[in-house]
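One file, entry32.cif, carrying mmCIF, C-alpha atoms and all ligand atoms:
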```cif
data_my_file
#
loop_
_atom_site.label_atom_id
_atom_site.label_comp_id
_atom_site.auth_asym_id
_atom_site.auth_seq_id
_atom_site.Cartn_x
_atom_site.Cartn_y
_atom_site.Cartn_z
CA MET A 7 -57.20 84.89 10.94
CA ALA A 8 -59.53 86.49 13.51
CA SER A 9 -58.94 90.23 13.95
CA SER A 10 -60.02 90.37 17.63
CA LEU A 11 -60.66 88.08 20.59
CA PRO A 12 -64.47 88.30 20.20
CA ASP A 13 -64.07 87.33 16.51
CA PHE A 14 -61.80 84.45 17.51
CA VAL A 15 -64.35 83.18 20.07
CA ALA A 16 -67.17 83.53 17.53
CA ASP A 17 -65.47 81.03 15.22
CA ILE A 18 -64.60 78.21 17.65
CA PRO A 19 -66.72 75.06 17.23
CA ILE A 20 -68.71 74.24 20.39
CA PHE A 21 -68.89 70.94 22.23
CA ASP A 22 -72.25 71.44 23.95
CA VAL A 23 -72.26 69.48 27.23
CA HIS A 24 -75.91 69.96 28.21
CA GLU A 25 -79.24 70.24 26.39
CA HIS A 26 -82.78 68.95 26.94
CA HIS A 27 -83.34 67.95 23.35
CA LEU A 28 -86.20 65.45 23.83
CA PRO A 29 -87.56 63.52 20.84
CA GLU A 30 -91.19 64.52 21.49
CA VAL A 31 -90.24 68.22 21.47
CA PHE A 32 -87.13 68.55 19.32
CA LEU A 33 -88.32 66.26 16.52
CA GLN A 34 -91.89 67.61 16.60
CA ARG A 35 -92.82 69.08 13.19
CA GLU A 36 -95.75 71.23 14.38
CA VAL A 37 -94.20 74.03 16.40
CA ASN A 38 -95.58 77.56 16.67
CA LEU A 39 -94.29 80.81 18.13
CA LEU A 40 -96.19 80.40 21.41
CA GLN A 41 -94.72 76.92 21.87
CA LEU A 42 -91.17 78.32 21.61
CA PHE A 43 -91.97 80.52 24.61
CA ARG A 44 -93.75 77.86 26.64
CA GLN A 45 -91.06 75.22 26.03
CA SER A 46 -88.12 77.41 27.05
CA TYR A 47 -86.77 79.16 30.14
CA ALA A 48 -88.86 82.16 29.05
CA GLY A 49 -91.77 79.85 29.88
CA TRP A 50 -90.50 79.55 33.47
CA THR A 51 -91.32 83.24 33.99
CA LEU A 52 -95.03 82.33 33.88
CA ALA A 53 -95.02 78.70 35.08
CA ARG A 54 -92.25 77.11 37.15
CA PRO A 55 -92.35 73.55 35.80
CA TYR A 56 -91.33 71.75 38.98
CA PRO A 57 -93.36 71.70 42.21
CA LEU A 58 -92.04 72.81 45.58
CA PRO A 59 -92.61 70.40 48.52
CA SER A 60 -95.78 72.36 49.36
CA GLU A 61 -97.13 72.03 45.81
CA SER A 62 -98.29 69.33 43.40
CA ARG A 63 -98.85 69.25 39.65
CA ALA A 64 -100.92 67.12 37.29
CA SER A 65 -98.43 67.27 34.40
CA ASP A 66 -95.28 69.04 33.27
CA PRO A 67 -96.44 72.36 31.73
CA MET A 68 -93.44 72.31 29.37
CA LEU A 69 -94.53 69.04 27.80
CA ASP A 70 -98.23 69.95 27.43
CA ALA A 71 -99.48 70.64 23.89
CA ALA A 72 -99.53 74.35 23.03
CA PRO A 73 -102.62 76.02 21.58
CA ALA A 74 -102.49 78.28 18.50
CA THR A 75 -100.48 81.47 18.96
CA THR A 76 -102.40 84.66 19.81
CA TRP A 77 -101.15 88.09 20.80
CA GLU A 78 -103.03 87.73 24.10
CA ALA A 79 -101.02 84.56 24.89
CA LEU A 80 -97.67 86.13 23.87
CA ALA A 81 -98.13 89.47 25.63
CA PRO A 82 -97.49 88.18 29.20
CA TYR A 83 -93.99 87.04 28.14
CA LEU A 84 -93.22 90.12 26.08
CA GLU A 85 -94.79 92.84 28.20
CA SER A 86 -95.05 91.58 31.81
CA SER A 87 -91.76 89.60 31.70
CA GLY A 88 -90.09 91.42 28.83
CA SER A 89 -87.06 92.54 30.85
CA ASN A 90 -86.21 89.00 32.03
CA SER A 91 -82.94 87.63 30.65
CA PHE A 92 -84.48 84.35 29.38
CA VAL A 93 -87.10 86.35 27.44
CA ARG A 94 -84.45 88.73 26.02
CA ASN A 95 -82.37 85.77 24.78
CA LEU A 96 -85.31 84.05 23.11
CA VAL A 97 -86.76 87.20 21.49
CA THR A 98 -83.37 88.07 20.00
CA ALA A 99 -82.86 84.57 18.60
CA ILE A 100 -86.40 84.31 17.16
CA CYS A 101 -86.14 87.72 15.47
CA GLU A 102 -82.75 86.84 13.99
CA LEU A 103 -83.74 83.38 12.77
CA HIS A 104 -87.34 83.99 11.68
CA GLY A 105 -87.69 87.76 11.19
CA ALA A 106 -87.04 90.25 8.44
CA GLY A 107 -84.70 92.57 10.28
CA GLU A 108 -86.99 93.52 13.18
CA ALA A 109 -85.63 93.57 16.74
CA GLN A 110 -88.87 92.96 18.65
CA ILE A 111 -92.02 90.85 18.59
CA THR A 112 -94.99 93.23 18.39
CA PRO A 113 -98.75 93.20 17.72
CA SER A 114 -97.97 94.00 14.08
CA ASN A 115 -95.35 91.31 13.34
CA TRP A 116 -96.23 88.33 15.55
CA GLU A 117 -98.38 86.67 12.87
CA SER A 118 -95.65 86.67 10.24
CA LEU A 119 -93.12 85.39 12.82
CA ASP A 120 -95.55 82.64 13.85
CA ALA A 121 -95.98 81.58 10.20
CA ALA A 122 -92.19 81.56 9.72
CA VAL A 123 -91.67 79.40 12.84
CA ARG A 124 -94.30 76.88 11.71
CA ALA A 125 -92.87 76.70 8.17
CA ALA A 126 -89.28 76.27 9.42
CA HIS A 127 -90.08 73.50 11.90
CA ALA A 128 -92.03 71.57 9.26
CA ARG A 129 -88.67 71.04 7.52
CA PRO A 130 -86.62 68.11 8.89
CA ASP A 131 -83.37 69.97 8.15
CA TRP A 132 -84.30 73.04 10.28
CA CYS A 133 -82.89 71.95 13.65
CA PRO A 134 -79.63 70.39 12.41
CA GLY A 135 -79.09 73.43 10.16
CA ILE A 136 -79.50 75.90 13.05
CA LEU A 137 -77.14 73.88 15.27
CA ARG A 138 -74.54 74.08 12.47
CA ARG A 139 -75.16 77.82 12.16
CA ALA A 140 -74.59 78.13 15.94
CA GLY A 141 -71.27 76.32 15.48
CA VAL A 142 -72.36 73.39 17.67
CA GLU A 143 -70.50 70.22 16.66
CA HIS A 144 -71.50 67.79 19.40
CA VAL A 145 -74.43 67.74 21.84
CA ILE A 146 -74.83 65.87 25.11
CA THR A 147 -78.53 65.82 25.86
CA ASP A 148 -80.32 65.03 29.12
CA PRO A 149 -83.52 63.34 27.88
CA TYR A 150 -85.30 63.29 31.24
CA SER A 151 -88.60 62.11 29.77
CA ASP A 152 -86.77 58.88 28.80
CA PRO A 153 -83.55 58.53 30.80
CA LEU A 154 -82.56 55.40 28.83
CA LEU A 155 -82.80 57.04 25.39
CA ASP A 156 -80.05 56.25 22.87
CA ALA A 157 -79.54 59.84 21.67
CA ARG A 158 -77.28 58.88 18.80
CA ALA A 159 -79.87 56.50 17.35
CA THR A 160 -82.60 59.13 17.88
CA PHE A 161 -80.95 62.41 16.85
CA GLY A 162 -77.89 61.44 14.81
CA PRO A 163 -74.15 60.85 15.07
CA ASN A 164 -73.32 64.18 16.76
CA TYR A 165 -75.38 63.32 19.87
CA SER A 166 -74.65 61.52 23.15
CA SER A 167 -76.68 61.54 26.35
CA VAL A 168 -76.49 61.37 30.12
CA VAL A 169 -78.57 59.03 32.28
CA ARG A 170 -80.51 60.74 35.05
CA ILE A 171 -80.23 58.82 38.30
CA ASN A 172 -83.15 60.59 40.05
CA ALA A 173 -85.61 57.74 39.47
CA PHE A 174 -83.17 55.21 40.96
CA ALA A 175 -82.60 57.34 44.07
CA CYS A 176 -86.39 57.49 44.56
CA GLY A 177 -86.93 53.77 43.82
CA TRP A 178 -87.70 52.37 47.29
CA HIS A 179 -91.06 51.06 45.95
CA PRO A 180 -92.21 50.07 42.42
CA SER A 181 -94.76 52.92 42.50
CA SER A 182 -92.37 55.65 43.69
CA CYS A 183 -91.27 58.12 41.00
CA ASP A 184 -88.98 61.12 40.66
CA HIS A 185 -90.31 64.63 39.84
CA ASN A 186 -90.31 63.74 36.13
CA GLY A 187 -92.60 60.77 36.78
CA ASN A 188 -89.91 58.13 36.14
CA SER A 189 -89.85 54.89 38.16
CA GLY A 190 -86.50 53.26 38.89
CA HIS A 191 -88.13 49.81 38.86
CA ALA A 192 -89.72 50.41 35.44
CA LEU A 193 -86.39 51.61 34.00
CA LEU A 194 -84.57 48.53 35.32
CA GLN A 195 -87.31 46.27 33.91
CA ARG A 196 -86.71 47.79 30.47
CA CYS A 197 -83.13 46.50 30.83
CA GLY A 198 -84.46 43.03 31.71
CA ILE A 199 -83.80 43.45 35.45
CA GLN A 200 -86.48 42.41 37.98
CA ALA A 201 -85.56 43.95 41.34
CA GLY A 202 -87.42 41.81 43.88
CA THR A 203 -85.06 42.66 46.74
CA PHE A 204 -82.88 45.57 47.85
CA ASP A 205 -79.81 43.58 46.81
CA ASP A 206 -81.29 42.80 43.37
CA TYR A 207 -81.92 46.51 42.92
CA MET A 208 -78.34 47.51 43.77
CA GLN A 209 -76.99 44.74 41.54
CA GLY A 210 -79.35 45.98 38.81
CA LEU A 211 -77.77 49.44 38.95
CA GLU A 212 -74.39 47.85 38.29
CA THR A 213 -75.72 45.88 35.32
CA LEU A 214 -77.35 49.04 33.94
CA MET A 215 -74.06 50.96 34.15
CA ASP A 216 -72.22 48.21 32.30
CA GLY A 217 -74.54 48.79 29.33
CA LEU A 218 -74.33 52.58 29.07
CA THR A 219 -71.46 52.95 26.61
CA ALA A 220 -73.21 50.71 24.08
CA HIS A 221 -76.12 53.20 24.07
CA HIS A 222 -73.87 56.30 23.73
CA GLN A 223 -74.63 57.32 27.31
CA VAL A 224 -71.48 59.08 28.43
CA ALA A 225 -72.19 60.23 32.00
CA LEU A 226 -74.59 60.05 34.92
CA LYS A 227 -76.73 63.09 35.74
CA ASN A 228 -77.77 63.87 39.29
CA ALA A 229 -80.67 66.35 39.15
CA LEU A 230 -81.93 65.46 42.61
CA ALA A 231 -81.90 69.15 43.59
CA TYR A 232 -85.39 69.10 42.01
CA ASP A 233 -86.54 66.16 44.19
CA ARG A 234 -84.90 66.74 47.59
CA ASP A 235 -81.90 68.46 49.24
CA VAL A 236 -78.41 67.65 47.96
CA GLN A 237 -76.96 66.83 51.38
CA PHE A 238 -75.86 63.31 50.40
CA ASP A 239 -74.72 61.82 53.72
CA PRO A 240 -72.43 58.78 54.13
CA PRO A 241 -74.37 55.60 53.37
CA ASP A 242 -76.50 54.24 56.25
CA GLU A 243 -77.35 50.85 54.78
CA ALA A 244 -79.57 49.69 57.64
CA LEU A 245 -81.77 52.80 57.38
CA ALA A 246 -81.80 52.63 53.56
CA ARG A 247 -83.00 49.00 53.72
CA ARG A 248 -85.90 50.07 55.97
CA ALA A 249 -87.27 52.18 53.08
CA TRP A 250 -87.28 49.20 50.70
CA GLY A 251 -90.72 47.98 49.61
CA GLN A 252 -92.62 50.70 51.47
CA SER A 253 -94.97 52.97 49.54
CA ALA A 254 -94.62 55.67 52.21
CA PRO A 255 -91.30 55.38 54.07
CA THR A 256 -90.44 58.05 56.65
CA PRO A 257 -88.54 61.13 55.40
CA ALA A 258 -85.37 59.81 57.11
CA GLU A 259 -85.72 56.40 55.42
CA ARG A 260 -86.35 57.99 52.00
CA LYS A 261 -83.31 60.23 52.41
CA ALA A 262 -81.12 57.29 53.50
CA PHE A 263 -82.26 55.27 50.47
CA GLY A 264 -81.43 58.16 48.11
CA ASP A 265 -78.10 58.80 49.83
CA PHE A 266 -77.20 55.11 49.50
CA VAL A 267 -78.07 54.99 45.77
CA VAL A 268 -76.20 58.23 45.01
CA ASP A 269 -73.10 56.99 46.85
CA ARG A 270 -73.29 53.67 45.01
CA CYS A 271 -73.67 55.43 41.64
CA CYS A 272 -70.57 57.56 42.35
CA THR A 273 -68.55 54.42 43.13
CA LEU A 274 -69.80 52.61 40.01
CA ALA A 275 -69.13 55.70 37.86
CA ALA A 276 -65.51 55.90 39.06
CA GLN A 277 -64.97 52.20 38.33
CA ARG A 278 -66.20 52.77 34.75
CA ASN A 279 -64.53 56.20 34.32
CA LEU A 280 -67.96 57.80 33.77
CA PRO A 281 -68.33 61.44 34.90
CA VAL A 282 -71.19 62.54 37.16
CA GLN A 283 -72.97 65.75 36.13
CA MET A 284 -74.79 67.41 39.02
CA HIS A 285 -77.35 70.23 39.14
CA LEU A 286 -76.60 72.75 41.94
CA GLY A 287 -78.26 75.99 43.00
CA THR A 288 -81.89 77.23 42.57
CA ALA A 289 -84.30 74.22 42.10
CA LEU A 290 -85.58 73.34 45.63
CA ILE A 291 -83.57 76.31 46.80
CA ARG A 292 -83.57 75.56 50.54
CA GLY A 293 -81.42 72.49 49.90
CA SER A 294 -79.38 73.16 46.75
CA HIS A 295 -76.30 74.95 48.14
CA PRO A 296 -73.12 73.52 46.56
CA LEU A 297 -71.35 72.97 49.89
CA HIS A 298 -73.97 70.32 50.69
CA VAL A 299 -72.21 68.01 48.18
CA ALA A 300 -68.72 68.56 49.59
CA GLY A 301 -68.92 65.37 51.67
CA LEU A 302 -69.93 63.29 48.63
CA ILE A 303 -67.04 64.75 46.60
CA GLU A 304 -64.55 64.03 49.39
CA ARG A 305 -65.78 60.43 49.79
CA HIS A 306 -65.28 59.83 46.04
CA PRO A 307 -61.89 61.27 45.07
CA ARG A 308 -61.75 59.05 41.96
CA THR A 309 -65.15 60.19 40.65
CA ARG A 310 -65.10 63.10 38.20
CA PHE A 311 -67.87 65.57 39.12
CA LEU A 312 -69.13 68.14 36.60
CA LEU A 313 -70.96 70.72 38.72
CA MET A 314 -73.52 72.80 36.90
CA HIS A 315 -74.90 76.33 36.48
CA LEU A 316 -72.25 78.06 38.64
CA ALA A 317 -74.56 76.81 41.45
CA TYR A 318 -76.37 80.13 41.05
CA PRO A 319 -76.51 82.21 43.24
CA TRP A 320 -73.59 80.61 45.11
CA SER A 321 -70.94 80.90 42.41
CA ARG A 322 -68.12 81.95 44.76
CA ASP A 323 -68.72 78.92 46.98
CA LEU A 324 -68.61 76.71 43.90
CA LEU A 325 -65.42 78.31 42.57
CA ALA A 326 -63.78 77.77 45.96
CA MET A 327 -64.77 74.09 45.79
CA ALA A 328 -63.20 73.81 42.32
CA PHE A 329 -60.07 75.43 43.77
CA VAL A 330 -59.88 72.86 46.61
CA TYR A 331 -61.14 69.63 45.01
CA ARG A 332 -59.18 68.24 42.08
CA ASN A 333 -62.09 65.98 41.01
CA VAL A 334 -64.43 68.92 40.26
CA TRP A 335 -65.07 70.50 36.84
CA LEU A 336 -67.55 73.31 36.10
CA ASP A 337 -70.34 73.29 33.53
CA LEU A 338 -71.22 76.96 32.95
CA THR A 339 -74.49 76.01 31.26
CA TRP A 340 -77.52 78.17 32.15
CA SER A 341 -75.52 80.70 34.21
CA PHE A 342 -75.16 83.06 31.23
CA LEU A 343 -78.88 82.69 30.45
CA LEU A 344 -79.87 83.42 34.06
CA SER A 345 -77.75 86.55 34.43
CA PRO A 346 -75.26 87.75 31.82
CA SER A 347 -73.81 90.36 34.17
CA HIS A 348 -73.25 87.87 37.00
CA PHE A 349 -71.77 85.41 34.51
CA LYS A 350 -69.12 87.92 33.44
CA LEU A 351 -68.21 88.70 37.04
CA ALA A 352 -67.97 84.99 37.91
CA LEU A 353 -66.00 84.12 34.77
CA HIS A 354 -63.41 86.80 35.57
CA GLU A 355 -62.93 85.19 38.99
CA ALA A 356 -63.02 81.63 37.65
CA ILE A 357 -60.18 82.38 35.23
CA GLU A 358 -58.13 83.79 38.10
CA ILE A 359 -58.59 81.10 40.72
CA LEU A 360 -59.08 77.75 38.94
CA PRO A 361 -55.95 75.65 39.38
CA ASP A 362 -55.71 74.72 35.69
CA GLU A 363 -57.36 75.45 32.34
CA SER A 364 -59.18 72.12 31.99
CA ARG A 365 -62.05 72.97 34.35
CA LEU A 366 -64.54 75.01 32.31
CA MET A 367 -67.08 73.87 29.70
CA LEU A 368 -70.56 74.92 28.60
CA GLY A 369 -73.90 73.95 27.13
CA GLY A 370 -77.24 75.45 26.13
CA ASP A 371 -79.73 73.66 28.44
CA ASN A 372 -82.67 74.12 26.04
CA TRP A 373 -85.65 72.32 24.48
CA HIS A 374 -85.85 74.08 21.09
CA VAL A 375 -83.05 74.94 18.72
CA GLU A 376 -83.90 78.67 18.70
CA GLU A 377 -83.09 78.96 22.41
CA THR A 378 -79.89 76.92 21.96
CA TYR A 379 -78.88 79.24 19.11
CA GLY A 380 -79.48 82.29 21.29
CA ALA A 381 -77.67 80.74 24.27
CA MET A 382 -74.56 79.92 22.24
CA HIS A 383 -74.52 83.31 20.59
CA ARG A 384 -74.75 84.96 23.99
CA ALA A 385 -72.09 82.68 25.55
CA ARG A 386 -69.63 83.48 22.77
CA ARG A 387 -70.25 87.22 23.11
CA LEU A 388 -69.85 87.26 26.92
CA ILE A 389 -66.76 85.04 26.91
CA GLY A 390 -65.23 87.21 24.18
CA GLU A 391 -65.93 90.34 26.23
CA VAL A 392 -64.40 88.89 29.43
CA LEU A 393 -61.28 87.66 27.62
CA GLU A 394 -60.89 91.00 25.87
CA GLU A 395 -61.24 92.86 29.20
CA LYS A 396 -58.58 90.66 30.76
CA ARG A 397 -56.23 91.15 27.82
CA ARG A 398 -56.77 94.92 27.88
CA ASP A 399 -56.06 95.03 31.63
CA GLY A 400 -52.75 93.25 31.01
CA TYR A 401 -53.84 90.16 32.97
CA PHE A 402 -52.70 87.90 30.13
CA HIS A 403 -51.68 87.95 26.50
CA ALA A 404 -54.07 87.46 23.55
CA SER A 405 -52.50 84.05 22.90
CA ASP A 406 -53.34 82.95 26.48
CA ALA A 407 -56.92 84.13 25.97
CA GLU A 408 -57.24 82.25 22.66
CA ARG A 409 -55.84 79.06 24.17
CA LEU A 410 -58.29 79.26 27.09
CA ALA A 411 -61.26 80.03 24.81
CA ALA A 412 -60.62 76.95 22.65
CA LYS A 413 -60.46 74.83 25.80
CA MET A 414 -63.68 76.26 27.27
CA LEU A 415 -65.76 75.91 24.13
CA HIS A 416 -64.49 72.58 22.86
CA GLU A 417 -61.30 70.90 23.97
CA ASN A 418 -62.06 70.46 27.69
CA ALA A 419 -65.39 68.74 27.05
CA SER A 420 -63.96 66.55 24.33
CA HIS A 421 -61.21 65.28 26.70
CA PHE A 422 -63.54 65.07 29.71
CA PHE A 423 -66.12 62.91 27.96
CA GLY A 424 -63.59 61.03 25.82
CA ILE A 425 -65.30 62.02 22.55
CA PRO A 426 -62.76 63.18 19.95
ZN ZN B 1 -80.72 71.26 32.38
#
```

In structure tokens, write the structure found in this file.
Ligand SMILES: [Zn+2]
Amino acid sequence: MASSLPDFVADIPIFDVHEHHLPEVFLQREVNLLQLFRQSYAGWTLARPYPLPSESRASDPMLDAAPATTWEALAPYLESSGSNSFVRNLVTAICELHGAGEAQITPSNWESLDAAVRAAHARPDWCPGILRRAGVEHVITDPYSDPLLDARATFGPNYSSVVRINAFACGWHPSSCDHNGNSGHALLQRCGIQAGTFDDYMQGLETLMDGLTAHHQVALKNALAYDRDVQFDPPDEALARRAWGQSAPTPAERKAFGDFVVDRCCTLAAQRNLPVQMHLGTALIRGSHPLHVAGLIERHPRTRFLLMHLAYPWSRDLLAMAFVYRNVWLDLTWSFLLSPSHFKLALHEAIEILPDESRLMLGGDNWHVEETYGAMHRARRLIGEVLEEKRRDGYFHASDAERLAAKMLHENASHFFGIP
């Protein structure tokens, strides 16, 4: 029996509702220390991997091959960005998993850590072993480099995936792609669907959704906050049809096409009892405020929305939405990596105002297993601290805190996604 709430939380198995475990990264056998930094949120401190509307990029810096590790390449993360929360999380996890008791990466130990990382990743049992050590029992991955991936066939029986709908919402022309370079037309063709007309395309989406369960795809993922604003207006079919077949539709036509596809996807998801995961906050920050999706949520009362990242920095607005709308659940993923102190503040409030205990779940949101390990370790610690503070303040009893913790880490996600 656990002696304290933090100990109790440390032992609960985790149902991880969001990772970016991609086959070309996660199953790669040649991984060095520098690559762990570049292919992580620590990497975002030096290179934001998505372009703003005023920018363009040749390739995704996170998916580029990493050169050999040098101290000169590591120092910008460790010295210039060393106080950043993403860097702190990754350094702690790397030292714990690959070190010999040291707490920091320094000019005198980086070479031995680099050798340990390369040796560990050469072993096929490294990643599954570290997930077990982190207490992660099931993973839902968002494989955005191949939205149609069958994660169970690729990674094993404890994996499912979500299907990103970004490419479909940007699919007014065969050559139009989302920010990850995916074409909606090409994805439909892989399912045997030739979309010659607007109506073919919409019918194709329906056929695609009918096949998801067979490929262990358990939800839709709307990450359009990285492609456009999230103000998904009521469908304007006439305007959406004007975008069809054009390589350069007007901004209003492009938006109407995306709005139409997103609305359609929400309807189709409800009919199939598939949840819709949605990125909110940061990203293209001028358009990612959570209240922008309030209209979409109200138009689709039967669709179950899993809203992500505490919509940082607008967590209070998001919590108020989860208080009002009974078809909204919250995926705490990433919020505790972004800011542990804000996470604790927001979790205190979430516990107090959410209408029932089913609403909270969490994930790691990472590319490599070291960052997932660190994220889960940190999430357990912060949740344990918040629950302990609430128990100490007399807000609730230890048994209430234990019941809620088991729901947050495992039971809610298992029920929500229908995976026992
Ligand atoms: Zn993510």

**OP:** Select the residues contacting ligand ZN 1 (chain B) at a distance of at most 12 Å, based on all atoms listed in the file, then format the selection as a VMD selection string.
**Re:** chain A and resid 22 to 28 46 to 47 146 to 150 168 170 227 to 232 283 to 289 313 to 315 337 to 341 343 368 to 373 378

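Distance annotation: of A:Met367, A:Leu33, A:Ile18, A:Leu360, the residue with the minimal separation from Pro134 (chain A) is A:Leu33; atom set is all atoms listed in the file.
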
**OP:** Provide the CA of Met208 (chain A) to CA of Asp66 (chain A) distance in Å, to one decimal place.
**Re:**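 Distance reported for this atom pair: 29.3 Å.
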
Subject >> Interatomic distance, CA of Ala381 (chain A) to CA of Pro82 (chain A) (Å, one decimal) >> reply: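 A separation of 21.7 Å between them.
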
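Taking CA of Ile389 (chain A) and CA of Ile111 (chain A) as the two end points, the separation is 27.2 Å.
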
**OP:** Just the residues within 8 Å of Arg397 (chain A), please, counting only C-alpha atoms, with nothing from its chain fewer than 6 positions along; format it as number ranges by chain.
**Re:** A: 403-404, 407

Kindly save the residues from that selection, with C-alpha atoms included, as a PDB file, in the coordinates of the input.
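Listed below is the output, selection08.pdb:
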```
ATOM      1  CA  HIS A 403     -51.680  87.950  26.500  1.00  0.00           C
ATOM      2  CA  ALA A 404     -54.070  87.460  23.550  1.00  0.00           C
ATOM      3  CA  ALA A 407     -56.920  84.130  25.970  1.00  0.00           C
TER       4      ALA A 407
END
```

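The shell of residues at most 7 Å from Ala128 (chain A), with only C-alpha atoms counted and near chain neighbours (fewer than 3 positions) removed, consists of Arg35, Glu36, Arg124 and Ala125 of chain A.
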
**OP:** List the neighbours of Leu84 (chain A) out to 10 Å using all atoms listed in the file; skip same-chain residues closer than 6 positions along the sequence, and give me the result as an MDAnalysis selection string.
**Re:** chainID A and resid 43 48 77 90 93:94 97 110:112

Original post:
Within 12 Å of (-63.2, 74.6, 26.7), in the coordinates the file gives, what residues turn up when you count all atoms listed in the file, written out as a PyMOL selection string?
Top reply: chain A and resi 15+18-23+335-338+357+362-369+386+389+407-422

Original post:
Using all atoms listed in the file, which of A:Cys272, A:Ala53, A:Ala16, A:Ala74 sits nearest Val142 (chain A)?
Top reply: A:Ala16

**OP:** Taking the point (-75.5, 63.4, 51.0) as given in the file, collect each protein or nucleic acid residue that comes within 10 Å of it, counting all atoms listed in the file, and present the set as a PyMOL selection string.
**Re:** chain A and resi 235-241+261-262+264-266+268-269+298-303

Write a file of the just-selected residues containing C-alpha atoms, as a short mmCIF file (atom, residue, chain, number, x, y, z; two decimals), keeping the file's coordinate frame.
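Produced file result22.cif, reproduced below:
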```cif
data_model
loop_
_atom_site.label_atom_id
_atom_site.label_comp_id
_atom_site.auth_asym_id
_atom_site.auth_seq_id
_atom_site.Cartn_x
_atom_site.Cartn_y
_atom_site.Cartn_z
CA ASP A 235 -81.90 68.46 49.24
CA VAL A 236 -78.41 67.65 47.96
CA GLN A 237 -76.96 66.83 51.38
CA PHE A 238 -75.86 63.31 50.40
CA ASP A 239 -74.72 61.82 53.72
CA PRO A 240 -72.43 58.78 54.13
CA PRO A 241 -74.37 55.60 53.37
CA LYS A 261 -83.31 60.23 52.41
CA ALA A 262 -81.12 57.29 53.50
CA GLY A 264 -81.43 58.16 48.11
CA ASP A 265 -78.10 58.80 49.83
CA PHE A 266 -77.20 55.11 49.50
CA VAL A 268 -76.20 58.23 45.01
CA ASP A 269 -73.10 56.99 46.85
CA HIS A 298 -73.97 70.32 50.69
CA VAL A 299 -72.21 68.01 48.18
CA ALA A 300 -68.72 68.56 49.59
CA GLY A 301 -68.92 65.37 51.67
CA LEU A 302 -69.93 63.29 48.63
CA ILE A 303 -67.04 64.75 46.60
#
```

**OP:** Select, from A:Leu52, A:Leu297, A:Ala254, A:Leu226, the residue with the minimum atom-to-atom distance to Glu85 (chain A), counting only C-alpha atoms.
**Re:**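 With only C-alpha atoms as the atom set, the closest residue is A:Leu52.
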
Could you produce a table of the residues of region 91-190 of chain A lying within 12 Å of region 275-281 of chain A, with the nearest pair of atoms per residue and their separation in Å rounded to one decimal, using all atoms listed in the file, ordered by chain and increasing residue number, as CSV?
```
residue,atom,partner,partner_atom,distance
A:Ser167,CA,A:Pro281,CA,12.0
A:Val168,CA,A:Pro281,CA,9.5
A:Val169,CA,A:Leu280,CA,10.8
A:Ile171,CA,A:Ala275,CA,11.5
```

Subject >> Spatial neighbours of Tyr165 (chain A), max dist 6 Å, all atoms listed in the file, sep filter under 4 positions, as number ranges by chain >> reply: A: 144-146, 157-158

Subject >> Non-local contacts of Trp50 (chain A) (10 Å; only C-alpha atoms; under 6 positions in same chain excluded) as number ranges by chain >> reply: A: 43-44, 56, 67-68, 83, 92-93

Subject >> Residue nearest Gly187 (chain A) - candidates A:Ala64, A:Val330, A:Val123, A:Ala106, atoms counted: only C-alpha atoms >> reply: A:Ala64

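Using only C-alpha atoms for every distance, the candidate list A:Leu96, A:Glu61, A:Leu39, A:Arg138 yields A:Leu39 as the residue closest to Pro73 (chain A).
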